[in-house]
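Note: the block below is structure_24.cif and it holds mmCIF, C-alpha atoms.
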data_my_file
#
loop_
_atom_site.label_atom_id
_atom_site.label_comp_id
_atom_site.auth_asym_id
_atom_site.auth_seq_id
_atom_site.Cartn_x
_atom_site.Cartn_y
_atom_site.Cartn_z
CA MET A 1 -13.21 -15.40 13.87
CA THR A 2 -11.97 -18.56 12.17
CA LEU A 3 -14.35 -18.04 9.25
CA TYR A 4 -13.08 -14.49 8.78
CA ARG A 5 -9.40 -15.49 8.81
CA THR A 6 -9.83 -18.30 6.29
CA GLY A 7 -11.52 -15.87 3.90
CA ILE A 8 -9.07 -13.04 4.37
CA GLY A 9 -6.81 -11.96 1.56
CA ASN A 10 -4.74 -9.17 3.07
CA ARG A 11 -1.28 -10.34 4.07
CA LEU A 12 -0.88 -7.93 6.99
CA LEU A 13 -4.22 -8.90 8.55
CA ALA A 14 -3.57 -12.61 8.00
CA ALA A 15 -0.35 -12.31 10.02
CA LEU A 16 -2.15 -11.03 13.12
CA PRO A 17 -2.95 -13.39 16.02
CA PRO A 18 -6.71 -13.91 16.45
CA ALA A 19 -6.95 -11.70 19.55
CA ASP A 20 -5.23 -8.79 17.82
CA LEU A 21 -7.25 -9.21 14.62
CA GLY A 22 -10.33 -9.19 16.84
CA LEU A 23 -9.59 -5.58 17.76
CA LEU A 24 -10.20 -4.65 14.12
CA THR A 25 -12.84 -6.99 12.67
CA PRO A 26 -15.89 -5.56 14.49
CA HIS A 27 -15.19 -2.21 12.84
CA PHE A 28 -14.48 -3.38 9.28
CA GLN A 29 -16.65 -2.45 6.34
CA LYS A 30 -16.06 -4.61 3.27
CA VAL A 31 -15.98 -2.76 -0.04
CA SER A 32 -15.09 -3.27 -3.67
CA PHE A 33 -13.47 -0.60 -5.81
CA GLU A 34 -13.63 -0.09 -9.54
CA PRO A 35 -10.76 0.79 -11.91
CA ASP A 36 -9.86 4.50 -11.70
CA ALA A 37 -11.64 4.91 -8.35
CA VAL A 38 -10.01 7.67 -6.32
CA LEU A 39 -9.69 6.24 -2.81
CA VAL A 40 -7.76 9.15 -1.31
CA ARG A 41 -7.18 12.51 -2.96
CA SER A 42 -4.09 14.64 -2.35
CA GLY A 43 -4.92 17.09 0.44
CA ASP A 44 -7.66 14.87 1.94
CA GLU A 45 -7.40 13.56 5.47
CA MET A 46 -6.10 9.97 5.54
CA ASP A 47 -9.35 8.39 6.69
CA PRO A 48 -10.46 5.59 6.45
CA VAL A 49 -7.71 2.95 6.35
CA TYR A 50 -8.03 0.37 3.52
CA PHE A 51 -6.70 -3.20 3.77
CA PRO A 52 -6.86 -4.48 0.15
CA HIS A 53 -7.70 -8.14 -0.45
CA SER A 54 -7.24 -7.90 -4.22
CA GLY A 55 -6.64 -5.34 -6.95
CA ALA A 56 -3.88 -2.76 -7.34
CA ILE A 57 -3.73 0.80 -6.00
CA ALA A 58 -1.25 3.38 -7.31
CA PHE A 59 -0.01 6.34 -5.31
CA MET A 60 0.10 9.27 -7.75
CA LEU A 61 2.05 12.46 -7.14
CA ASP A 62 0.39 15.51 -8.67
CA MET A 63 2.87 18.03 -10.09
CA PRO A 64 2.24 21.81 -10.40
CA ASP A 65 2.17 21.60 -14.24
CA GLY A 66 -0.72 19.14 -14.12
CA GLN A 67 1.32 16.00 -14.77
CA THR A 68 1.13 12.98 -12.49
CA VAL A 69 3.57 10.15 -11.84
CA ALA A 70 3.28 6.99 -9.78
CA THR A 71 5.48 6.60 -6.72
CA THR A 72 4.21 3.31 -5.28
CA LEU A 73 1.94 0.39 -6.13
CA MET A 74 0.02 -1.45 -3.42
CA GLY A 75 -2.07 -4.60 -3.30
CA ARG A 76 -3.06 -7.18 -0.69
CA GLU A 77 0.37 -6.95 0.94
CA GLY A 78 -0.31 -3.43 2.24
CA ALA A 79 -2.68 -0.97 3.87
CA LEU A 80 -3.72 2.37 2.43
CA ALA A 81 -3.59 5.28 4.92
CA SER A 82 -2.01 3.10 7.62
CA PHE A 83 0.30 6.00 8.47
CA SER A 84 -2.73 7.72 10.02
CA VAL A 85 -1.70 5.91 13.22
CA LEU A 86 0.71 8.82 13.73
CA GLY A 87 -2.26 11.14 14.10
CA PRO A 88 -4.73 12.99 11.88
CA SER A 89 -2.92 14.18 8.76
CA LEU A 90 -3.47 15.05 5.10
CA SER A 91 -2.42 12.83 2.23
CA SER A 92 0.44 14.07 0.04
CA VAL A 93 -0.56 11.77 -2.85
CA THR A 94 -3.69 10.65 -4.67
CA ALA A 95 -4.44 6.94 -4.36
CA ILE A 96 -6.12 5.55 -7.49
CA ALA A 97 -7.29 2.00 -8.14
CA ARG A 98 -5.48 0.80 -11.25
CA MET A 99 -7.16 -2.60 -11.10
CA ALA A 100 -10.50 -3.45 -9.55
CA GLY A 101 -10.41 -5.16 -6.19
CA THR A 102 -11.83 -5.56 -2.72
CA ALA A 103 -10.81 -4.27 0.70
CA SER A 104 -11.73 -4.03 4.35
CA LEU A 105 -11.85 -0.47 5.60
CA ILE A 106 -11.84 0.93 9.11
CA SER A 107 -11.97 4.48 10.40
CA ALA A 108 -8.61 6.02 11.23
CA ALA A 109 -9.73 6.66 14.80
CA LYS A 110 -10.69 3.02 15.39
CA PHE A 111 -7.45 1.88 13.79
CA ARG A 112 -5.41 4.16 16.05
CA ASP A 113 -7.20 2.72 19.10
CA ALA A 114 -6.33 -0.85 18.04
CA TYR A 115 -2.76 0.18 17.18
CA ALA A 116 -2.29 1.56 20.68
CA GLN A 117 -3.48 -1.70 22.26
CA SER A 118 -1.64 -4.25 20.12
CA ALA A 119 2.08 -4.83 19.69
CA ALA A 120 1.31 -7.17 16.79
CA ILE A 121 -0.58 -4.46 14.91
CA ARG A 122 2.25 -2.02 15.56
CA ASN A 123 4.69 -4.58 14.17
CA VAL A 124 2.83 -5.10 10.86
CA VAL A 125 2.37 -1.34 10.40
CA GLN A 126 6.08 -0.72 10.96
CA LEU A 127 6.96 -3.53 8.56
CA HIS A 128 4.64 -2.10 5.93
CA ALA A 129 6.11 1.38 6.38
CA ARG A 130 9.60 0.02 5.72
CA ALA A 131 8.39 -1.85 2.63
CA VAL A 132 6.74 1.30 1.24
CA LEU A 133 9.90 3.34 1.90
CA LEU A 134 12.00 0.70 0.15
CA GLN A 135 9.71 0.79 -2.90
CA LEU A 136 9.79 4.60 -2.98
CA GLN A 137 13.59 4.56 -2.96
CA HIS A 138 13.81 2.05 -5.81
CA VAL A 139 11.19 3.80 -7.94
CA ALA A 140 12.94 7.16 -7.49
CA ALA A 141 16.27 5.70 -8.56
CA CYS A 142 14.66 3.78 -11.44
CA ASN A 143 12.90 6.89 -12.78
CA ALA A 144 16.18 8.79 -12.77
CA LEU A 145 18.45 6.14 -14.29
CA HIS A 146 16.56 3.71 -16.50
CA ARG A 147 14.92 3.78 -19.92
CA VAL A 148 11.18 3.89 -20.43
CA ASP A 149 10.93 0.32 -21.77
CA GLY A 150 12.62 -1.13 -18.67
CA ARG A 151 10.47 0.99 -16.38
CA MET A 152 7.26 0.02 -18.19
CA ALA A 153 8.23 -3.65 -17.90
CA ARG A 154 8.74 -3.14 -14.16
CA TRP A 155 5.28 -1.61 -13.71
CA LEU A 156 3.66 -4.38 -15.77
CA LEU A 157 5.37 -7.01 -13.63
CA GLN A 158 4.22 -5.28 -10.45
CA LEU A 159 0.65 -5.22 -11.78
CA HIS A 160 0.93 -8.87 -12.80
CA ASP A 161 1.92 -9.77 -9.23
CA ARG A 162 -1.54 -8.64 -8.18
CA VAL A 163 -3.77 -10.34 -10.78
CA PRO A 164 -4.47 -14.07 -11.37
CA ASP A 165 -3.59 -14.33 -15.09
CA ASP A 166 -1.44 -12.94 -17.90
CA LEU A 167 -4.09 -10.60 -19.31
CA LEU A 168 -3.79 -7.31 -17.46
CA PRO A 169 -6.83 -4.99 -17.46
CA VAL A 170 -4.84 -1.78 -17.88
CA THR A 171 -5.10 0.99 -20.48
CA GLN A 172 -2.31 2.86 -22.20
CA GLU A 173 -3.59 6.01 -20.50
CA ALA A 174 -3.12 4.37 -17.09
CA LEU A 175 0.40 3.27 -18.07
CA ALA A 176 1.20 6.83 -19.18
CA GLN A 177 0.17 8.07 -15.73
CA LEU A 178 2.20 5.37 -13.98
CA LEU A 179 5.29 6.29 -15.99
CA GLY A 180 4.75 10.04 -16.06
CA VAL A 181 5.09 10.15 -19.88
CA ARG A 182 2.91 11.05 -22.85
CA ARG A 183 0.50 8.57 -24.39
CA THR A 184 2.57 8.55 -27.62
CA THR A 185 5.61 7.41 -25.62
CA VAL A 186 3.59 4.52 -24.23
CA THR A 187 2.48 3.51 -27.74
CA LEU A 188 6.08 3.50 -29.03
CA THR A 189 7.35 1.62 -25.98
CA MET A 190 4.56 -0.96 -26.25
CA SER A 191 5.67 -1.61 -29.84
CA LYS A 192 9.20 -2.35 -28.59
CA LEU A 193 7.85 -4.77 -26.00
CA ARG A 194 5.77 -6.54 -28.66
CA GLU A 195 8.85 -6.89 -30.87
CA ALA A 196 10.68 -8.49 -27.92
CA GLY A 197 7.79 -10.91 -27.41
CA ALA A 198 7.18 -9.56 -23.90
CA VAL A 199 3.70 -8.27 -24.81
CA PRO A 200 2.06 -10.71 -27.27
CA SER A 201 -0.99 -8.48 -27.66
CA ASP A 202 -2.18 -5.05 -26.63
CA ARG A 203 -5.83 -4.44 -27.36
CA ARG A 204 -8.09 -1.76 -26.01
CA GLY A 205 -8.08 -1.89 -22.22
CA PHE A 206 -5.99 -5.06 -21.89
CA VAL A 207 -2.30 -5.97 -22.10
CA GLU A 208 -1.28 -9.61 -22.51
CA ILE A 209 2.19 -10.37 -21.18
CA ASP A 210 4.78 -13.11 -21.47
CA ARG A 211 6.20 -12.99 -17.96
CA ALA A 212 9.54 -14.67 -18.66
CA ARG A 213 10.33 -12.37 -21.57
CA LEU A 214 9.03 -9.32 -19.72
CA GLU A 215 11.40 -10.06 -16.84
CA ARG A 216 14.31 -10.05 -19.30
CA VAL A 217 13.27 -6.63 -20.61
CA ALA A 218 12.69 -5.10 -17.17
CA CYS A 219 15.46 -3.19 -15.45
CA ASP A 220 17.18 -4.77 -12.46
CA CYS A 221 15.06 -2.69 -10.07
CA TYR A 222 12.09 -5.04 -10.16
CA ALA A 223 13.93 -8.20 -9.11
CA LEU A 224 16.05 -6.38 -6.53
CA MET A 225 13.10 -4.55 -5.00
CA GLN A 226 10.83 -7.60 -4.85
CA ARG A 227 13.57 -9.80 -3.42
CA LYS A 228 14.17 -7.35 -0.56
CA ILE A 229 10.47 -6.89 0.17
CA ASP A 230 9.71 -10.63 0.02
CA ARG A 231 12.60 -11.38 2.36
CA MET A 232 11.38 -8.71 4.77
CA TYR A 233 7.83 -10.09 4.82
CA CYS A 234 8.88 -13.73 5.09
CA GLN A 235 11.28 -13.08 7.94
CA GLU A 236 9.04 -10.79 9.99
CA LEU A 237 5.48 -12.02 9.39
CA SER A 238 4.90 -15.21 11.33
CA ALA A 239 1.73 -16.26 9.49
CA PRO A 240 1.94 -17.83 6.01
CA GLN A 241 0.87 -15.84 2.97
CA PRO A 242 -2.94 -15.95 2.75
CA THR A 243 -4.66 -17.95 0.06
CA ARG A 244 -6.93 -16.30 -2.46
CA ALA A 245 -10.31 -17.14 -0.95
CA PRO A 246 -13.75 -15.99 -2.14
CA PHE A 247 -14.55 -12.50 -0.87
CA ARG A 248 -18.03 -11.17 -0.30
CA GLU A 249 -18.34 -7.42 -0.77
CA ASN A 250 -21.21 -5.36 0.53
CA ALA A 251 -20.20 -2.00 -0.91
CA ILE A 252 -18.73 -0.46 -4.03
CA VAL A 253 -16.39 2.52 -4.33
CA SER A 254 -17.13 4.20 -7.65
CA SER A 255 -14.57 5.81 -9.94
CA GLY A 256 -15.39 9.35 -8.87
CA GLY A 257 -13.51 9.32 -5.58
CA ALA A 258 -13.62 8.15 -2.01
CA ARG A 259 -15.07 11.22 -0.35
CA GLY A 260 -17.31 13.94 -1.73
CA GLU A 261 -16.93 12.88 -5.37
CA SER A 262 -17.63 9.19 -4.79
CA ARG A 263 -19.55 6.99 -2.45
CA ALA A 264 -19.65 3.54 -0.93
CA VAL A 265 -22.97 1.97 -1.87
CA SER A 266 -24.47 -0.83 0.17
CA ARG A 267 -25.58 -3.85 -1.85
CA ALA A 268 -28.89 -3.58 -0.03
CA GLU A 269 -29.43 -0.12 -1.57
CA LYS A 270 -29.33 -1.47 -5.14
#

Give the structure from this file in structure tokens form.
Amino acid sequence: MTLYRTGIGNRLLAALPPADLGLLTPHFQKVSFEPDAVLVRSGDEMDPVYFPHSGAIAFMLDMPDGQTVATTLMGREGALASFSVLGPSLSSVTAIARMAGTASLISAAKFRDAYAQSAAIRNVVQLHARAVLLQLQHVAACNALHRVDGRMARWLLQLHDRVPDDLLPVTQEALAQLLGVRRTTVTLTMSKLREAGAVPSDRRGFVEIDRARLERVACDCYALMQRKIDRMYCQELSAPQPTRAPFRENAIVSSGGARGESRAVSRAEK
């Protein structure tokens, strides 16, 4: 148990007392996911539950005209499909990995069993639900009120919060999907950010950022949203934020999807 906790990267799991974490760890499968992997597709049952240790997962809302727009971004501070504790249900969004990462996954049924037994697990799930709702509210307001350059800066900052350096492995196509705009709009907006010095370089598949300048370009939503979420986590999670420790994966989620279109492959099968 001690070995597992020192190597854990998910902030919700790291906040659990050992006995409560022990309700989950026997049932975890450790996986890695690639960029563009579809972890949950809209209309799929929310099963399993993912606890990311690294990477970034975007919740994408699919519109009737074929367009998609991001509503939330999640990393090691959250849990994908944690709302399945309310009972079997279908996802209203598609969850796509925007940056490669690792996670511990557990079946929704096993997670519901542990949730029913542990007040600590119920507490972190409720905290996470409030944080997701807060992000949804800010993103909705931001999309309605703010310009594309400020919104793009906000998304880049949120991605940067979940990677170890200033070179973000993200394509213009992925940014277009996050923003819900055309690729040409992303190209024009990226030029504005380069002129402001917020994006020193933008080469195929990578965006280099200057964080200080990017924060000046971003709309007020980023700082306000992060300040509220950080305060919520610091006040209500008793354990300190986990360190970034080495993580050993034994499975890979490919970019095709998490269910029928993709698979988790054991390292032993390679």

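Coordinates place atom CA of A:Ser84 at a distance of 14.0 Å from atom CA of A:Val124.
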
task: Check what the PyMOL selection byres ((chain A and resi 79) around 6) selects in the file above and give those residues as a list in words.
output: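 Going through the file, the PyMOL selection byres ((chain A and resi 79) around 6) ends up selecting Tyr50, Phe51, Gly78, Leu80 and Ser82 of chain A.
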
task: Could you tell me which of A:Met46, A:Leu168, A:Cys219, A:Ala153 comes closest to A:Ala198 if we count all atoms listed in the file?
output: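 Looking only at the distances to A:Ala198, the closest residue turns out to be A:Ala153.
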
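Each of A:Gly150, A:Gly180, A:Pro17, A:Pro35 was checked against A:Arg216 using only C-alpha atoms; the smallest atom-to-atom distance is that of A:Gly150.
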
- request: Using all atoms listed in the file, find the one residue out of A:Ile229, A:Leu193, A:Val181, A:Arg112 that sits nearest to A:Asn143.
  value: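 Counting all atoms listed in the file, the residue closest to A:Asn143 is A:Val181.
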
- request: Step by step, work through what the PyMOL selection byres ((chain A and resi 107) around 12) selects in the shown file, and finish by giving those residues as a list in words.
  value: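 Answer for the PyMOL selection byres ((chain A and resi 107) around 12): Leu24, Thr25, Pro26, His27, Phe28, Gln29, Glu45, Met46, Asp47, Pro48, Val49, Tyr50, Phe51, Leu80, Ala81, Ser82, Ser84, Val85, Pro88, Ser104, Leu105, Ile106, Ala108, Ala109, Lys110, Phe111, Arg112, Asp113 and Ala114 of chain A.
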
Straight-line distance linking atom CA of A:Thr94 with atom CA of A:Asn123, stated in Å to one decimal: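 Computing the Euclidean distance for atom CA of A:Thr94 and atom CA of A:Asn123 yields 25.6 Å.
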